[in-house]
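What's in input.txt: compact mmCIF, C-alpha atoms
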```
# COMPACT_ATOMS: atom_id res chain seq x y z
CA MET S 1 9.37 82.02 -52.38
CA ALA S 2 6.88 82.91 -55.08
CA THR S 3 3.80 80.82 -55.57
CA VAL S 4 1.60 80.55 -58.61
CA PRO S 5 -2.08 81.08 -57.82
CA ALA S 6 -4.50 78.38 -58.86
CA LYS S 7 -6.39 79.05 -62.06
CA SER S 8 -9.63 77.58 -60.75
CA PRO S 9 -11.19 76.39 -57.48
CA GLU S 10 -11.04 72.80 -58.76
CA GLU S 11 -7.29 73.10 -59.29
CA SER S 12 -6.83 74.61 -55.84
CA ARG S 13 -8.69 71.70 -54.21
CA ALA S 14 -6.78 69.12 -56.28
CA MET S 15 -3.44 70.69 -55.39
CA LYS S 16 -4.28 70.56 -51.67
CA TYR S 17 -5.02 66.84 -51.92
CA LEU S 18 -1.88 66.28 -53.96
CA ALA S 19 0.20 68.10 -51.33
CA THR S 20 -1.30 65.88 -48.62
CA PHE S 21 -0.68 62.66 -50.56
CA THR S 22 2.91 63.75 -51.23
CA LEU S 23 3.93 65.17 -47.86
CA ALA S 24 2.36 62.55 -45.57
CA PRO S 25 4.72 59.71 -46.63
CA ILE S 26 7.73 62.03 -46.44
CA LEU S 27 6.78 63.08 -42.91
CA CYS S 28 6.29 59.42 -41.95
CA PHE S 29 9.83 58.68 -43.14
CA ALA S 30 11.23 61.60 -41.15
CA PHE S 31 9.32 60.66 -38.00
CA GLN S 32 10.34 57.00 -38.35
CA ASP S 33 13.99 57.89 -38.78
CA LEU S 34 14.14 60.38 -35.93
CA GLY S 35 11.89 58.40 -33.59
CA SER S 36 13.65 55.09 -33.97
CA GLU S 37 17.19 56.47 -33.91
CA TYR S 38 17.01 59.20 -31.29
CA GLY S 39 13.73 58.66 -29.47
CA GLY S 40 14.21 55.02 -28.60
CA MET S 41 10.87 54.11 -30.15
CA ASP S 42 11.43 50.55 -31.28
CA TRP S 43 7.88 50.17 -32.53
CA LEU S 44 8.63 52.55 -35.42
CA THR S 45 9.62 50.02 -38.03
CA TYR S 46 10.50 50.54 -41.66
CA GLY S 47 6.96 49.48 -42.57
CA TYR S 48 5.61 52.55 -40.75
CA ALA S 49 7.17 54.68 -43.47
CA ALA S 50 7.12 52.26 -46.41
CA TRP S 51 3.38 51.66 -46.52
CA PRO S 52 2.41 55.35 -46.85
CA MET S 53 5.03 55.63 -49.61
CA MET S 54 3.33 52.76 -51.45
CA ILE S 55 -0.22 54.01 -50.84
CA GLY S 56 0.51 57.62 -51.88
CA PRO S 57 0.78 56.92 -55.65
CA ILE S 58 -2.45 54.95 -55.62
CA LEU S 59 -4.24 57.91 -54.03
CA MET S 60 -2.57 60.20 -56.57
CA LEU S 61 -3.94 58.00 -59.38
CA VAL S 62 -7.46 58.31 -57.95
CA LEU S 63 -6.97 62.09 -57.73
CA PHE S 64 -5.68 62.14 -61.31
CA ILE S 65 -8.68 60.21 -62.60
CA ASN S 66 -11.13 62.47 -60.76
CA ASN S 67 -9.45 65.62 -62.11
CA ARG S 68 -8.75 64.69 -65.74
CA GLU S 69 -10.61 67.81 -66.83
CA LEU S 70 -7.87 69.99 -65.33
CA ILE S 71 -5.39 68.45 -67.76
CA ARG S 72 -7.75 68.40 -70.70
CA VAL S 73 -8.46 72.14 -70.40
CA PRO S 74 -5.14 73.94 -69.77
CA ALA S 75 -6.91 77.19 -68.92
CA LYS S 76 -8.44 75.45 -65.89
CA GLY S 77 -5.41 73.75 -64.44
CA ALA S 78 -2.05 73.68 -66.19
CA ASN S 79 -0.21 73.72 -62.86
CA PHE S 80 -1.91 70.52 -61.68
CA SER S 81 -0.59 68.52 -64.63
CA GLN S 82 2.99 69.58 -64.11
CA THR S 83 2.88 69.14 -60.35
CA ILE S 84 1.38 65.65 -60.42
CA ARG S 85 4.01 64.56 -62.96
CA ILE S 86 6.83 65.85 -60.76
CA ALA S 87 5.38 64.18 -57.66
CA SER S 88 4.94 60.92 -59.58
CA VAL S 89 8.54 60.86 -60.75
CA LEU S 90 9.72 61.58 -57.21
CA PHE S 91 7.68 58.62 -55.92
CA LEU S 92 8.86 56.33 -58.73
CA ILE S 93 12.44 55.89 -57.48
CA PRO S 94 11.70 54.81 -53.88
CA ASN S 95 8.87 52.57 -55.02
CA LEU S 96 11.13 50.81 -57.49
CA PHE S 97 13.55 50.06 -54.66
CA MET S 98 10.70 48.90 -52.44
CA ALA S 99 9.33 46.65 -55.17
CA PHE S 100 12.59 44.72 -55.26
CA GLY S 101 13.72 45.00 -51.66
CA TYR S 102 10.70 45.35 -49.39
CA SER S 103 7.44 44.13 -50.85
CA TRP S 104 6.14 43.05 -54.23
CA LEU S 105 3.02 45.09 -53.50
CA ALA S 106 5.02 48.18 -54.41
CA VAL S 107 4.63 47.06 -58.02
CA VAL S 108 1.03 48.33 -57.83
CA SER S 109 2.40 51.75 -56.86
CA VAL S 110 4.92 51.70 -59.69
CA LEU S 111 2.16 50.82 -62.15
CA SER S 112 0.02 53.64 -60.75
CA ILE S 113 2.85 56.10 -61.26
CA LEU S 114 3.48 54.93 -64.81
CA THR S 115 -0.25 55.18 -65.51
CA ILE S 116 -0.28 58.80 -64.35
CA LEU S 117 2.71 59.69 -66.52
CA VAL S 118 1.42 57.98 -69.67
CA ALA S 119 -2.20 59.10 -69.24
CA ASP S 120 -1.13 62.70 -68.66
CA TRP S 121 0.86 62.61 -71.88
CA GLN S 122 -2.05 61.03 -73.79
CA ILE S 123 -4.63 63.50 -72.47
CA LYS S 124 -2.41 66.45 -73.39
CA LYS S 125 -1.75 64.96 -76.81
CA ARG S 126 -5.49 64.54 -77.50
CA ALA S 127 -6.33 68.01 -76.14
CA GLY S 128 -3.78 69.60 -78.44
CA ALA S 129 -5.16 67.88 -81.55
```

Written as structure tokens, that's how I'd like the structure from this file.
Amino acid sequence: MATVPAKSPEESRAMKYLATFTLAPILCFAFQDLGSEYGGMDWLTYGYAAWPMMIGPILMLVLFINNRELIRVPAKGANFSQTIRIASVLFLIPNLFMAFGYSWLAVVSVLSILTILVADWQIKKRAGA
């Protein structure tokens, strides 16, 4: 598997945080599923995995706001913009289901995701002009 090196130290740091915010909820879902089904751990409820999935996009929004410069200057961090958009879209679908089926607090996560997608587009549009 080929990887693209980071264009700047700021992008490298941002991508590490983004990987953590993306993988932690996925690992919680896997641990919850395996632990409750095969391990006999009844304390692993759906909320154990749902809450990290709802908190992840909010942390991604904070990361996005702190690293707007990476999107504004493509020479510094073009990979960050594309990666955060992909991660946001991947989080959008489960959070939409959670907003209607689990907790209305997932609406905050959905709004965070939509903010990332729209703001990324706006920042790129302004940088290109």

Leaving out Tyr46 (chain S) and any residue of its chain fewer than 6 positions from it, which residues lie within 12 Å of it when counting all atoms listed in the file, given as a compact mmCIF listing (two decimals) with C-alpha atoms, in the frame of the given file?
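The result, stored in selection-v8.txt:
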```
# COMPACT_ATOMS: atom_id res chain seq x y z
CA PRO S 25 4.72 59.71 -46.63
CA CYS S 28 6.29 59.42 -41.95
CA PHE S 29 9.83 58.68 -43.14
CA ALA S 30 11.23 61.60 -41.15
CA PHE S 31 9.32 60.66 -38.00
CA GLN S 32 10.34 57.00 -38.35
CA ASP S 33 13.99 57.89 -38.78
CA LEU S 34 14.14 60.38 -35.93
CA GLY S 35 11.89 58.40 -33.59
CA SER S 36 13.65 55.09 -33.97
CA GLU S 37 17.19 56.47 -33.91
CA PRO S 52 2.41 55.35 -46.85
CA MET S 53 5.03 55.63 -49.61
CA MET S 98 10.70 48.90 -52.44
CA GLY S 101 13.72 45.00 -51.66
CA TYR S 102 10.70 45.35 -49.39
CA SER S 103 7.44 44.13 -50.85
```

For CA of Asn95 (chain S) and CA of Asp120 (chain S), the interatomic separation in Å (one decimal):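 These two atoms are separated by 19.7 Å.
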
Contacts of region 73-84 of chain S at 12 Å (all atoms listed in the file; same-chain gap of 4+ positions) as a ChimeraX atom specification: /S:3-19,21-22,56-57,59-65,67-69,88-91,113-128

d(CA of Ala50 (chain S), CA of Ile71 (chain S)) in Å: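 Result for CA of Ala50 (chain S) versus CA of Ile71 (chain S): 29.6 Å, one decimal.
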
Straight-line distance linking CA of Pro94 (chain S) with CA of Met54 (chain S), stated in Å to one decimal: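 So the answer is 9.0 Å.
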
Top pick for closest residue to Val107 (chain S), considering S:Ala87, S:Ala49, S:Ile58, S:Leu70 and counting all atoms listed in the file: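 Checking each of S:Ala87, S:Ala49, S:Ile58, S:Leu70 against Val107 (chain S), counting all atoms listed in the file, the winner is S:Ile58.
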
Listed atoms of region 74-90 of chain S boxed along x, y and z, 3 Å each side, centre and edge lengths in Å, one decimal, as JSON:
```
{"center_x": 0.6, "center_y": 69.0, "center_z": -63.5, "size_x": 24.2, "size_y": 22.3, "size_z": 18.6}
```

Rebuild region 86-100 of chain S to N, CA, C and O atoms - output it as a JSON list (two decimals), in the coordinates of the input, please.
```
[["chain", "number", "residue", "atom", "x", "y", "z"],
["S", 86, "ILE", "N", 5.62, 65.74, -61.59],
["S", 86, "ILE", "CA", 6.83, 65.85, -60.76],
["S", 86, "ILE", "C", 6.73, 64.96, -59.52],
["S", 86, "ILE", "O", 7.67, 64.25, -59.18],
["S", 87, "ALA", "N", 5.57, 65.01, -58.86],
["S", 87, "ALA", "CA", 5.38, 64.18, -57.66],
["S", 87, "ALA", "C", 5.45, 62.69, -58.02],
["S", 87, "ALA", "O", 6.01, 61.89, -57.27],
["S", 88, "SER", "N", 4.91, 62.33, -59.16],
["S", 88, "SER", "CA", 4.94, 60.92, -59.58],
["S", 88, "SER", "C", 6.36, 60.44, -59.83],
["S", 88, "SER", "O", 6.72, 59.34, -59.42],
["S", 89, "VAL", "N", 7.15, 61.26, -60.49],
["S", 89, "VAL", "CA", 8.54, 60.86, -60.75],
["S", 89, "VAL", "C", 9.31, 60.75, -59.44],
["S", 89, "VAL", "O", 10.14, 59.84, -59.27],
["S", 90, "LEU", "N", 9.04, 61.65, -58.50],
["S", 90, "LEU", "CA", 9.72, 61.58, -57.21],
["S", 90, "LEU", "C", 9.34, 60.32, -56.42],
["S", 90, "LEU", "O", 10.14, 59.80, -55.66],
["S", 91, "PHE", "N", 8.12, 59.85, -56.59],
["S", 91, "PHE", "CA", 7.68, 58.62, -55.92],
["S", 91, "PHE", "C", 8.14, 57.37, -56.66],
["S", 91, "PHE", "O", 8.16, 56.29, -56.07],
["S", 92, "LEU", "N", 8.48, 57.50, -57.93],
["S", 92, "LEU", "CA", 8.86, 56.33, -58.73],
["S", 92, "LEU", "C", 10.14, 55.67, -58.20],
["S", 92, "LEU", "O", 10.18, 54.44, -58.04],
["S", 93, "ILE", "N", 11.14, 56.45, -57.88],
["S", 93, "ILE", "CA", 12.44, 55.89, -57.48],
["S", 93, "ILE", "C", 12.35, 55.08, -56.19],
["S", 93, "ILE", "O", 12.76, 53.93, -56.16],
["S", 94, "PRO", "N", 11.78, 55.63, -55.09],
["S", 94, "PRO", "CA", 11.70, 54.81, -53.88],
["S", 94, "PRO", "C", 10.81, 53.58, -54.04],
["S", 94, "PRO", "O", 11.09, 52.53, -53.47],
["S", 95, "ASN", "N", 9.75, 53.72, -54.84],
["S", 95, "ASN", "CA", 8.87, 52.57, -55.02],
["S", 95, "ASN", "C", 9.51, 51.48, -55.86],
["S", 95, "ASN", "O", 9.22, 50.30, -55.66],
["S", 96, "LEU", "N", 10.38, 51.84, -56.77],
["S", 96, "LEU", "CA", 11.13, 50.81, -57.49],
["S", 96, "LEU", "C", 12.04, 50.03, -56.54],
["S", 96, "LEU", "O", 12.11, 48.80, -56.62],
["S", 97, "PHE", "N", 12.70, 50.74, -55.65],
["S", 97, "PHE", "CA", 13.55, 50.06, -54.66],
["S", 97, "PHE", "C", 12.72, 49.19, -53.73],
["S", 97, "PHE", "O", 13.13, 48.09, -53.37],
["S", 98, "MET", "N", 11.55, 49.69, -53.33],
["S", 98, "MET", "CA", 10.70, 48.90, -52.44],
["S", 98, "MET", "C", 10.12, 47.68, -53.14],
["S", 98, "MET", "O", 9.89, 46.66, -52.50],
["S", 99, "ALA", "N", 9.89, 47.79, -54.43],
["S", 99, "ALA", "CA", 9.33, 46.65, -55.17],
["S", 99, "ALA", "C", 10.31, 45.48, -55.19],
["S", 99, "ALA", "O", 9.91, 44.32, -55.15],
["S", 100, "PHE", "N", 11.60, 45.79, -55.22],
["S", 100, "PHE", "CA", 12.59, 44.72, -55.26],
["S", 100, "PHE", "C", 13.13, 44.34, -53.89],
["S", 100, "PHE", "O", 13.56, 43.22, -53.69]]
```
